[in-house]
Every structure is written in C-alpha cells, then in structure tokens.
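As stored in query.cif (mmCIF, C-alpha atoms):
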data_run
loop_
_atom_site.label_atom_id
_atom_site.label_comp_id
_atom_site.auth_asym_id
_atom_site.auth_seq_id
_atom_site.Cartn_x
_atom_site.Cartn_y
_atom_site.Cartn_z
CA MET A 1122 -18.65 -16.54 -10.89
CA THR A 1123 -16.37 -19.47 -11.54
CA ASP A 1124 -12.83 -19.36 -10.26
CA LEU A 1125 -10.19 -19.58 -12.98
CA PHE A 1126 -7.24 -20.16 -10.68
CA ALA A 1127 -7.65 -22.03 -7.40
CA PRO A 1128 -5.54 -21.23 -4.34
CA GLY A 1129 -2.28 -23.18 -4.50
CA MET A 1130 -2.21 -23.26 -8.29
CA THR A 1131 1.08 -22.31 -9.94
CA VAL A 1132 0.64 -19.52 -12.46
CA ARG A 1133 2.84 -17.41 -14.67
CA VAL A 1134 2.45 -13.69 -15.21
CA LYS A 1135 2.28 -12.96 -18.91
CA ALA A 1136 5.31 -11.27 -20.33
CA GLY A 1137 5.38 -8.46 -22.80
CA GLU A 1138 4.18 -4.93 -22.95
CA THR A 1139 0.91 -3.23 -23.50
CA PRO A 1140 0.46 0.52 -23.56
CA GLY A 1141 -1.61 2.43 -21.05
CA HIS A 1142 -2.50 2.20 -17.38
CA VAL A 1143 -1.40 -1.33 -16.47
CA ARG A 1144 -1.36 -2.56 -12.85
CA THR A 1145 1.06 -5.45 -13.48
CA PRO A 1146 4.58 -4.40 -12.48
CA TYR A 1147 7.34 -5.03 -15.02
CA TYR A 1148 9.49 -6.89 -12.50
CA LEU A 1149 6.85 -9.63 -12.18
CA ARG A 1150 6.16 -10.15 -15.88
CA GLY A 1151 7.17 -13.65 -16.96
CA GLN A 1152 7.55 -14.72 -13.32
CA THR A 1153 6.02 -17.84 -11.83
CA GLY A 1154 4.05 -17.65 -8.60
CA GLN A 1155 1.44 -19.39 -6.50
CA VAL A 1156 -2.17 -18.23 -6.22
CA GLN A 1157 -3.06 -17.38 -2.62
CA ARG A 1158 -6.65 -16.29 -2.99
CA LEU A 1159 -9.22 -14.58 -5.15
CA LEU A 1160 -9.69 -11.02 -3.91
CA GLY A 1161 -12.87 -10.36 -5.88
CA THR A 1162 -13.71 -8.70 -9.16
CA PHE A 1163 -13.03 -5.11 -10.10
CA PRO A 1164 -13.58 -3.02 -13.24
CA ASN A 1165 -10.55 -3.46 -15.49
CA PRO A 1166 -8.29 -0.50 -14.63
CA GLU A 1167 -6.75 -0.56 -18.11
CA ASP A 1168 -10.18 0.28 -19.58
CA CYS A 1169 -11.24 2.65 -16.79
CA ALA A 1170 -8.14 4.75 -17.47
CA VAL A 1171 -9.43 5.53 -20.96
CA HIS A 1172 -12.96 6.39 -19.78
CA LYS A 1173 -14.50 3.00 -20.51
CA SER A 1174 -16.68 1.13 -18.02
CA GLY A 1175 -14.06 -1.54 -17.32
CA LEU A 1176 -16.85 -4.11 -17.55
CA PRO A 1177 -17.09 -7.03 -17.43
CA ALA A 1178 -15.16 -6.84 -14.16
CA LYS A 1179 -11.94 -8.83 -13.94
CA ARG A 1180 -10.97 -11.29 -11.25
CA LEU A 1181 -8.09 -10.09 -9.08
CA TYR A 1182 -5.77 -12.63 -7.48
CA GLN A 1183 -3.18 -12.48 -4.73
CA VAL A 1184 -0.12 -14.24 -6.11
CA LEU A 1185 2.98 -15.16 -4.10
CA PHE A 1186 6.48 -15.05 -5.64
CA PRO A 1187 9.84 -16.04 -4.09
CA VAL A 1188 12.10 -12.98 -3.81
CA HIS A 1189 15.20 -14.98 -4.75
CA ALA A 1190 13.63 -16.08 -8.05
CA VAL A 1191 12.41 -12.63 -9.03
CA PHE A 1192 15.68 -10.89 -8.11
CA PRO A 1193 18.37 -13.57 -8.50
CA GLY A 1194 21.76 -12.52 -7.23
CA GLN A 1195 20.84 -9.10 -5.95
CA ALA A 1196 18.36 -10.03 -3.22
CA VAL A 1197 19.64 -9.63 0.31
CA ALA A 1198 16.99 -11.97 1.60
CA ALA A 1199 16.61 -15.25 3.40
CA ALA A 1200 15.72 -18.16 1.15
CA ASP A 1201 11.99 -18.09 1.77
CA ASP A 1202 11.28 -14.37 1.63
CA THR A 1203 8.34 -13.66 -0.65
CA ILE A 1204 6.53 -10.97 -2.62
CA LEU A 1205 2.73 -10.92 -2.53
CA ALA A 1206 1.16 -8.99 -5.41
CA ASP A 1207 -2.32 -8.45 -6.78
CA ILE A 1208 -2.55 -9.56 -10.41
CA TYR A 1209 -5.58 -9.44 -12.72
CA GLU A 1210 -6.81 -12.64 -14.36
CA HIS A 1211 -5.96 -11.55 -17.90
CA TRP A 1212 -2.30 -11.25 -16.93
CA LEU A 1213 -2.12 -14.82 -15.58
CA GLU A 1214 -1.85 -18.20 -17.24
CA PRO A 1215 -1.36 -21.73 -15.86
CA ALA A 1216 2.35 -22.37 -15.42
CA THR A 1217 2.07 -25.65 -17.32
CA VAL A 1218 2.75 -23.62 -20.46
CA ASP A 1219 6.46 -23.78 -21.32
CA ALA A 1220 8.24 -20.56 -20.38
CA GLY A 1221 9.41 -20.17 -23.98
CA GLU A 1222 5.79 -20.12 -25.15
CA THR A 1223 4.63 -17.49 -22.68
CA THR A 1224 1.60 -15.87 -24.14
CA ALA A 1225 2.06 -12.34 -25.31
CA LEU A 1226 -0.77 -9.95 -24.63
CA MET B 568 29.76 32.13 4.54
CA THR B 569 29.41 32.73 0.85
CA THR B 570 28.77 29.06 0.18
CA ALA B 571 25.94 28.84 2.68
CA HIS B 572 24.40 31.97 1.28
CA ARG B 573 24.48 30.54 -2.25
CA HIS B 574 22.96 27.34 -0.94
CA ASP B 575 20.04 29.25 0.57
CA ARG B 576 19.48 31.18 -2.61
CA THR B 577 19.28 27.96 -4.60
CA HIS B 578 16.51 26.69 -2.35
CA ALA B 579 14.67 29.99 -2.56
CA HIS B 580 14.64 29.73 -6.34
CA ALA B 581 13.40 26.14 -6.26
CA ALA B 582 10.55 27.10 -3.93
CA THR B 583 9.55 29.94 -6.26
CA ALA B 584 9.47 27.56 -9.22
CA ASP B 585 7.17 25.18 -7.31
CA HIS B 586 4.63 27.95 -6.88
CA ALA B 587 4.69 29.08 -10.47
CA PRO B 588 1.34 29.90 -12.07
CA PRO B 589 -0.55 26.87 -13.48
CA GLY B 590 0.76 25.77 -16.82
CA HIS B 591 -0.83 22.41 -17.43
CA GLU B 592 -4.29 22.00 -18.86
CA TRP B 593 -5.38 19.85 -15.89
CA GLU B 594 -4.55 22.67 -13.52
CA PHE B 595 -6.66 25.10 -15.53
CA LEU B 596 -9.47 22.54 -15.60
CA GLU B 597 -9.33 22.19 -11.80
CA ILE B 598 -9.46 25.95 -11.28
CA ALA B 599 -12.33 26.37 -13.76
CA LEU B 600 -14.34 23.53 -12.21
CA ARG B 601 -13.75 24.75 -8.66
CA GLU B 602 -14.74 28.33 -9.51
CA LEU B 603 -17.87 27.16 -11.31
CA LEU B 604 -18.93 24.95 -8.40
CA ILE B 605 -18.54 27.89 -6.04
CA GLU B 606 -20.28 30.31 -8.40
CA LYS B 607 -23.22 27.90 -8.85
CA ARG B 608 -23.37 27.47 -5.04
CA VAL B 609 -22.76 23.72 -5.24
CA LEU B 610 -19.77 24.11 -2.93
CA THR B 611 -18.28 26.92 -0.91
CA ALA B 612 -14.63 27.87 -0.79
CA ALA B 613 -14.76 27.20 2.95
CA ALA B 614 -16.10 23.67 2.38
CA ILE B 615 -13.30 22.93 -0.08
CA GLN B 616 -10.69 24.28 2.33
CA ALA B 617 -12.19 22.26 5.18
CA ARG B 618 -11.89 19.11 3.08
CA ILE B 619 -8.25 19.92 2.22
CA ASP B 620 -7.53 20.51 5.91
CA ALA B 621 -9.18 17.21 6.83
CA VAL B 622 -7.13 15.26 4.29
CA GLU B 623 -3.86 16.95 5.19
CA GLY B 624 -4.54 16.79 8.91
CA ALA B 625 -5.52 13.13 9.05
CA THR B 626 -3.36 11.01 11.34
CA PRO B 627 -2.93 7.22 11.63
CA ILE B 628 -5.11 7.18 14.76
CA GLN B 629 -8.00 5.30 13.15
CA GLY B 630 -5.63 2.57 12.01
CA SER B 631 -4.13 2.40 15.51
CA ARG B 632 -7.59 1.97 17.04
CA VAL B 633 -8.44 -0.81 14.58
CA VAL B 634 -5.23 -2.69 15.45
CA ALA B 635 -5.69 -2.22 19.20
CA ARG B 636 -9.22 -3.62 18.95
CA ALA B 637 -7.89 -6.60 16.97
CA TRP B 638 -5.27 -7.22 19.69
CA VAL B 639 -7.80 -7.39 22.51
CA ASP B 640 -10.72 -8.99 20.68
CA PRO B 641 -9.92 -12.21 18.75
CA ALA B 642 -13.41 -12.32 17.21
CA TYR B 643 -12.94 -8.77 15.90
CA LYS B 644 -9.53 -9.71 14.50
CA ALA B 645 -11.09 -12.65 12.65
CA ARG B 646 -13.69 -10.32 11.13
CA LEU B 647 -10.97 -7.80 10.20
CA LEU B 648 -8.93 -10.48 8.43
CA ALA B 649 -12.02 -11.78 6.63
CA ASP B 650 -13.47 -8.43 5.50
CA GLY B 651 -11.45 -5.29 6.27
CA ASN B 652 -14.01 -2.79 4.98
CA ALA B 653 -16.84 -4.23 7.10
CA ALA B 654 -14.66 -4.51 10.20
CA VAL B 655 -13.47 -0.89 10.16
CA ALA B 656 -17.05 0.22 9.49
CA GLU B 657 -17.97 -1.42 12.82
CA LEU B 658 -15.77 1.21 14.48
CA GLY B 659 -17.44 3.95 12.45
CA TYR B 660 -14.63 4.36 9.93
CA GLY B 661 -15.47 4.68 6.25
CA PHE B 662 -13.31 2.89 3.73
CA ASP B 663 -15.08 3.30 0.41
CA GLY B 664 -13.78 2.25 -2.96
CA PRO B 665 -10.78 -0.01 -2.66
CA LYS B 666 -10.95 -3.33 -0.84
CA LEU B 667 -9.22 -3.19 2.55
CA VAL B 668 -7.13 -6.26 3.29
CA ALA B 669 -5.62 -6.73 6.75
CA LEU B 670 -2.65 -9.05 7.14
CA GLU B 671 -1.39 -10.26 10.49
CA ASN B 672 2.25 -10.47 11.48
CA THR B 673 3.13 -13.65 13.36
CA PRO B 674 6.32 -14.86 15.04
CA ALA B 675 7.04 -16.75 11.79
CA ARG B 676 6.02 -14.14 9.21
CA HIS B 677 6.50 -10.37 8.89
CA HIS B 678 4.65 -8.27 6.28
CA MET B 679 5.90 -5.04 4.75
CA VAL B 680 3.78 -2.96 2.34
CA VAL B 681 4.91 -1.08 -0.75
CA CYS B 682 3.25 0.17 -3.91
CA THR B 683 5.90 -0.23 -6.59
CA LEU B 684 3.67 1.25 -9.30
CA CYS B 685 2.66 4.49 -7.60
CA SER B 686 1.86 5.12 -3.94
CA CYS B 687 -1.35 3.25 -3.02
CA TYR B 688 -1.91 3.62 0.71
CA PRO B 689 -4.88 3.14 3.10
CA LYS B 690 -5.37 6.90 3.55
CA PRO B 691 -8.76 6.75 5.32
CA LEU B 692 -7.09 4.83 8.16
CA LEU B 693 -3.50 6.10 8.12
CA GLY B 694 -3.76 9.64 6.75
CA LEU B 695 -1.40 10.86 4.02
CA SER B 696 1.53 8.59 3.30
CA PRO B 697 5.02 9.60 4.43
CA ALA B 698 7.35 11.08 1.78
CA TRP B 699 9.67 8.06 1.83
CA TYR B 700 6.77 5.73 0.98
CA LYS B 701 6.35 7.57 -2.32
CA SER B 702 10.08 7.75 -3.10
CA ARG B 703 11.45 5.84 -6.07
CA GLU B 704 14.11 4.34 -3.84
CA TYR B 705 11.70 2.75 -1.36
CA ARG B 706 9.35 1.61 -4.12
CA SER B 707 12.12 -0.24 -5.97
CA ARG B 708 14.32 -1.50 -3.15
CA ALA B 709 11.43 -2.74 -0.97
CA VAL B 710 11.00 -5.64 -3.40
CA SER B 711 14.58 -6.17 -4.60
CA GLU B 712 16.36 -6.01 -1.22
CA PRO B 713 13.65 -5.86 1.44
CA ARG B 714 15.78 -6.91 4.41
CA ALA B 715 18.30 -4.18 3.70
CA VAL B 716 15.49 -1.62 3.56
CA LEU B 717 14.00 -2.91 6.82
CA ALA B 718 17.41 -2.69 8.48
CA GLU B 719 17.61 0.98 7.48
CA PHE B 720 14.41 1.48 9.47
CA GLY B 721 16.15 -0.22 12.39
CA THR B 722 14.20 -3.43 11.93
CA VAL B 723 16.48 -6.46 11.80
CA LEU B 724 14.44 -9.57 11.16
CA PRO B 725 15.73 -12.97 12.33
CA GLU B 726 16.70 -15.21 9.39
CA ASP B 727 14.05 -17.79 10.31
CA VAL B 728 11.22 -15.26 10.01
CA GLU B 729 9.69 -15.08 6.53
CA LEU B 730 9.58 -11.56 5.18
CA ARG B 731 6.56 -11.14 2.94
CA VAL B 732 6.64 -7.94 0.88
CA VAL B 733 3.14 -6.93 -0.14
CA ASP B 734 3.05 -5.00 -3.40
CA SER B 735 -0.19 -3.02 -3.40
CA THR B 736 -0.48 -3.13 -7.19
CA ALA B 737 -4.20 -2.93 -7.83
CA ASP B 738 -7.57 -2.35 -6.16
CA CYS B 739 -6.66 -3.38 -2.61
CA ARG B 740 -5.17 -1.40 0.23
CA TYR B 741 -3.23 -3.22 2.92
CA LEU B 742 -3.20 -2.76 6.68
CA ILE B 743 -0.67 -4.72 8.71
CA ILE B 744 -1.56 -5.93 12.19
CA PRO B 745 1.80 -5.84 13.98
CA LEU B 746 2.70 -8.30 16.72
CA ARG B 747 1.34 -7.23 20.07
CA PRO B 748 4.39 -6.30 22.18
CA VAL B 749 5.29 -8.59 25.05
CA GLY B 750 4.71 -7.06 28.44
CA THR B 751 1.32 -5.59 27.48
CA GLU B 752 -0.79 -8.38 28.92
CA GLY B 753 -3.76 -6.91 30.69
CA TRP B 754 -3.39 -3.50 29.06
CA THR B 755 -6.59 -1.72 28.12
CA GLU B 756 -7.42 -1.18 24.46
CA THR B 757 -7.08 2.59 24.93
CA ARG B 758 -3.59 2.22 26.33
CA LEU B 759 -2.54 -0.15 23.53
CA VAL B 760 -3.55 2.38 20.86
CA ASP B 761 -0.48 4.48 21.68
CA LEU B 762 1.83 1.59 20.81
CA VAL B 763 0.49 1.20 17.27
CA THR B 764 2.61 3.46 15.11
CA ARG B 765 2.10 4.33 11.48
CA ASP B 766 5.32 2.52 10.53
CA SER B 767 4.18 -0.64 12.32
CA MET B 768 1.00 -0.67 10.22
CA ILE B 769 3.08 -0.31 7.01
CA GLY B 770 5.32 -3.05 8.34
CA VAL B 771 8.69 -1.29 8.34
CA ALA B 772 8.90 -1.36 12.14
CA PRO B 773 7.43 -3.29 15.05
CA ALA B 774 4.87 -1.69 17.36
CA ARG B 775 6.32 0.32 20.24
CA THR B 776 7.30 -1.76 23.22
CA PRO B 777 6.30 -0.65 26.72
CA GLN B 778 9.96 0.27 27.35
CA THR B 779 10.05 2.68 24.42
CA ASP B 780 6.53 3.94 25.00
CA HIS B 781 6.90 7.47 26.27
CA GLY B 782 3.18 7.86 26.82
CA THR B 783 1.79 9.22 30.05
CA ASP B 784 -0.06 6.11 31.13
CA VAL B 785 2.89 4.41 32.86
#

Mind turning the file's structure into structure tokens?
Amino acid sequence: MTDLFAPGMTVRVKAGETPGHVRTPYYLRGQTGQVQRLLGTFPNPEDCAVHKSGLPAKRLYQVLFPVHAVFPGQAVAAADDTILADIYEHWLEPATVDAGETTAL
Amino acid sequence: MTTAHRHDRTHAHAATADHAPPGHEWEFLEIALRELLIEKRVLTAAAIQARIDAVEGATPIQGSRVVARAWVDPAYKARLLADGNAAVAELGYGFDGPKLVALENTPARHHMVVCTLCSCYPKPLLGLSPAWYKSREYRSRAVSEPRAVLAEFGTVLPEDVELRVVDSTADCRYLIIPLRPVGTEGWTETRLVDLVTRDSMIGVAPARTPQTDHGTDV
C-alpha cells in the first residue's frame, strides 16, 4: 500500500456536500491541516452504510488543524490549540491547489 | 404547591411517552428477530438480558487498569501508544472492531476527546459514555471553544499548554493517558488504578491527586 499523504504534508479537506453517511464533519470541510499519520485502511463507511462492501478499503489519516483558523473570532483558545481529526483519503487533497479551486466531490 | 404538582405531572407524562409501544419499523424488526432467535433456541431471553446487564453495568475500570500499567511500565506504555488493541489484549481486554489509539498527555500538551458527528467512545474499556458526552452542546462546543468547556469541568489549562481536541470522527476510538499525579512516586499499580477516573481518560479532567483521593489505601 503506497502512502498518498506523508506525515507533515499540508492538505485541504474537500468542500461541498454529498448525501449519506459521511464521516467528515462539516466544520472541517474546506479547511487546511497537516497530516500527522496514516491510521490504516478501513472499508469506506459511506458505502458500508448502504449495504455495500466498502471495498477497496480507504486510507484513514489523522489530520491536525489550528483551532483559531477553523473557528476564527469565536475560539476561546490559546494561539496553538489544535483539533486532531480522522479524515478519509478521498476527502483530502494536497493544499497546493488554490482554495478557490477546491475540488468538489 | 400547585406549581410543583403541575411540574411533576409534566414529567410523568414525558416518561409515559418514552415507554410508548414500538412505532418504528426498526423496533418491530428487533422484536421479531429477538423472538425468532429465542424460539429457534439460538439465544435465550436470559442470555440477552445478561448481555444487556453487562453493557449497562460496565465501568471504566478496564481503562483505569490500562493507564495504571502504562504509568508504571514504560515498555508497556510504548506498546500501548504503538498499537492500542494489542496492548489492551495483553491485559485480557477485548477491543474488537475499531482501532484503539492511545494518546499521552504531557506537561506541554493536553488531549480532550469528542465525537462531533455522533458519540463514538471506547466502550469496551470505559463502559457506556456519560450523558453529557452525547449532548449536542458538548459535541459542538468542545471544538469551537474547548478551553471554556474544560473550565466548566473545573480544568483550567495554563496558556502555554497546547490543548489538542481529538475529534473521533471515523474508525478509531481514543483513550487518553492522563499525566501521572505528582506525589505518587513509588505507588503500586493497584493503588494508582483508583486515581484514573473516567473523565481523565476522556481528557476533560486530570487524574485524581493523592490529596483528593478518598480511597482507603492512605
């Protein structure tokens, strides 16, 4: 299994909506974070929820986001407080893509 | 006390509504499946009830024992951080299905777990989650204003400590290893277990300190 996103890489969570059982929280969509590690591969929960196999399994990454960037203005947090979330590979893209061109699902 | 009486009546009505007969197709499906399994002698009603009792009666003790072992045994802690499922299996605890990820609090970084999407929780180790963990308020505010939420639990974090909120969004369950309290040097593993509270393993509070430990082993 090749790794798509190496630890330390800056990635963006894809924006937009898709119906069904999605494990990517709305508040992180379109946000930029840093890959911490690959957690492994798991059957795609979006497919499993509709009685499909979820295969091929999807890579799941721990991604770190700064709280102050995700919740500007309303965060009662020190500057370097962070949110660590588990995001599937098909919701991530390299952050070299311009924010305006964020890939829709 | 007319007002109080009315108040009580309102609650009585709400409780009655909660125990209304099944109305949703999934509830009928559950009843039909359960009755068939019993009728076909696959399961007994007693076995089902025993399982319900086990789930509802589970406490965070297994999680506390895992953390206490990690505190006294650095090699075990390293294995726990590397592979949570394998490390808890060493102590005889099953954690099937989701991947168990342990994260360690340090003097420079504090972790706090939430599941903003639903209520994912390491039940095999901690038992059923507390009601507040499943509340909409905790699930939203834990990410948007985490320090304020922590303060409401009585946990005021110094500004120079990074607060890392862990959103348990997918196929992993998180166990926090709280800081070992000062003043517990030389304590036995068994004695340390009592200091490891449920809330400290979710990360909304530190472990008990010896001063606040009201255990018997003093």

| task | Go ahead and compute the interatomic distance for CA of Glu1138 in chain A and CA of Ile1208 in chain A, in Å to one decimal. | result |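 Pair CA of Glu1138 in chain A / CA of Ile1208 in chain A returns 15.0 Å.
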
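Using all atoms listed in the file for every distance, the candidate list A:Val1191, A:Leu1160, A:Val1184, A:Cys1169 yields A:Leu1160 as the residue closest to Val668 in chain B.
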
| Residue IDs satisfying the PyMOL selection byres ((chain A and resi 1203-1205) around 8), as a PyMOL selection string | (chain A and resi 1183-1188+1201-1202+1206-1207) or (chain B and resi 710+729-734)

Within 10 Å of chain A, which residues of chain B are there when counting all atoms listed in the file? Please give them as a short mmCIF file (atom, residue, chain, number, x, y, z; two decimals) with C-alpha atoms, in the frame of the given file.
data_model
loop_
_atom_site.label_atom_id
_atom_site.label_comp_id
_atom_site.auth_asym_id
_atom_site.auth_seq_id
_atom_site.Cartn_x
_atom_site.Cartn_y
_atom_site.Cartn_z
CA PRO B 665 -10.78 -0.01 -2.66
CA LYS B 666 -10.95 -3.33 -0.84
CA VAL B 668 -7.13 -6.26 3.29
CA ARG B 676 6.02 -14.14 9.21
CA HIS B 677 6.50 -10.37 8.89
CA HIS B 678 4.65 -8.27 6.28
CA MET B 679 5.90 -5.04 4.75
CA VAL B 680 3.78 -2.96 2.34
CA VAL B 681 4.91 -1.08 -0.75
CA CYS B 682 3.25 0.17 -3.91
CA THR B 683 5.90 -0.23 -6.59
CA LEU B 684 3.67 1.25 -9.30
CA CYS B 685 2.66 4.49 -7.60
CA SER B 707 12.12 -0.24 -5.97
CA ARG B 708 14.32 -1.50 -3.15
CA ALA B 709 11.43 -2.74 -0.97
CA VAL B 710 11.00 -5.64 -3.40
CA SER B 711 14.58 -6.17 -4.60
CA GLU B 712 16.36 -6.01 -1.22
CA PRO B 713 13.65 -5.86 1.44
CA ARG B 714 15.78 -6.91 4.41
CA ALA B 715 18.30 -4.18 3.70
CA VAL B 716 15.49 -1.62 3.56
CA LEU B 724 14.44 -9.57 11.16
CA PRO B 725 15.73 -12.97 12.33
CA GLU B 726 16.70 -15.21 9.39
CA ASP B 727 14.05 -17.79 10.31
CA VAL B 728 11.22 -15.26 10.01
CA GLU B 729 9.69 -15.08 6.53
CA LEU B 730 9.58 -11.56 5.18
CA ARG B 731 6.56 -11.14 2.94
CA VAL B 732 6.64 -7.94 0.88
CA VAL B 733 3.14 -6.93 -0.14
CA ASP B 734 3.05 -5.00 -3.40
CA SER B 735 -0.19 -3.02 -3.40
CA THR B 736 -0.48 -3.13 -7.19
CA ALA B 737 -4.20 -2.93 -7.83
CA ASP B 738 -7.57 -2.35 -6.16
CA CYS B 739 -6.66 -3.38 -2.61
#

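The point (-12.6, -14.6, -8.1) has these residues within 6 Å of it when only C-alpha atoms are used: A:Asp1124, A:Leu1159, A:Gly1161, A:Arg1180.
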
With C-alpha atoms retained, could you export that selection as a JSON list (two decimals), in the coordinates of the input?
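The resulting file, out.json, is shown below:
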[["chain", "number", "residue", "atom", "x", "y", "z"],
["A", 1124, "ASP", "CA", -12.83, -19.36, -10.26],
["A", 1159, "LEU", "CA", -9.22, -14.58, -5.15],
["A", 1161, "GLY", "CA", -12.87, -10.36, -5.88],
["A", 1180, "ARG", "CA", -10.97, -11.29, -11.25]]

| field | Pick from A:Met1130, A:Ala1136, A:Ala1216, A:Leu1125, whichever lies nearest to Lys1179 in chain A using only C-alpha atoms | value |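 Of A:Met1130, A:Ala1136, A:Ala1216, A:Leu1125, the one nearest Lys1179 in chain A, counting only C-alpha atoms, is A:Leu1125.
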
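Between CA of Val639 in chain B and CA of Pro691 in chain B the interatomic distance comes to 22.3 Å.
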
| message | Between A:Arg1150, A:His1211, A:His1142, A:Lys1135, which residue has the minimum interatomic distance to Asp1168 in chain A, considering all atoms listed in the file? | response |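 The closest residue to Asp1168 in chain A is A:His1142.
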
| said: List the spatial neighbours of Glu756 in chain B as a PyMOL selection string - criterion: any atom at most 12 Å away, only C-alpha atoms, same-chain residues fewer than 5 positions off excluded. | reply: chain B and resi 631-640+747+751+761-763

| request: For CA of Ala675 in chain B and CA of Cys687 in chain B, quote the distance in Å rounded to one decimal. | output: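 The value is 26.3 Å.
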
Could I get the residues of range 674-776 of chain B with an atom no further than 12 Å from an atom of range 613-621 of chain B, each paired with its nearest atom pair and that distance in Å to one decimal, using all atoms listed in the file, sorted by chain and residue number, as JSON lines?
{"residue": "B:Lys690", "atom": "CA", "partner": "B:Ala621", "partner_atom": "CA", "distance": 11.5}
{"residue": "B:Pro691", "atom": "CA", "partner": "B:Ala621", "partner_atom": "CA", "distance": 10.6}
{"residue": "B:Gly694", "atom": "CA", "partner": "B:Ala621", "partner_atom": "CA", "distance": 9.3}
{"residue": "B:Leu695", "atom": "CA", "partner": "B:Ala621", "partner_atom": "CA", "distance": 10.4}

| query | Between B:Lys607, B:Trp593, B:Ala669, B:Tyr700, which is the closest to Ala653 in chain B once you count all atoms listed in the file? | reply |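 Using all atoms listed in the file, Ala653 in chain B sits closest to B:Ala669.
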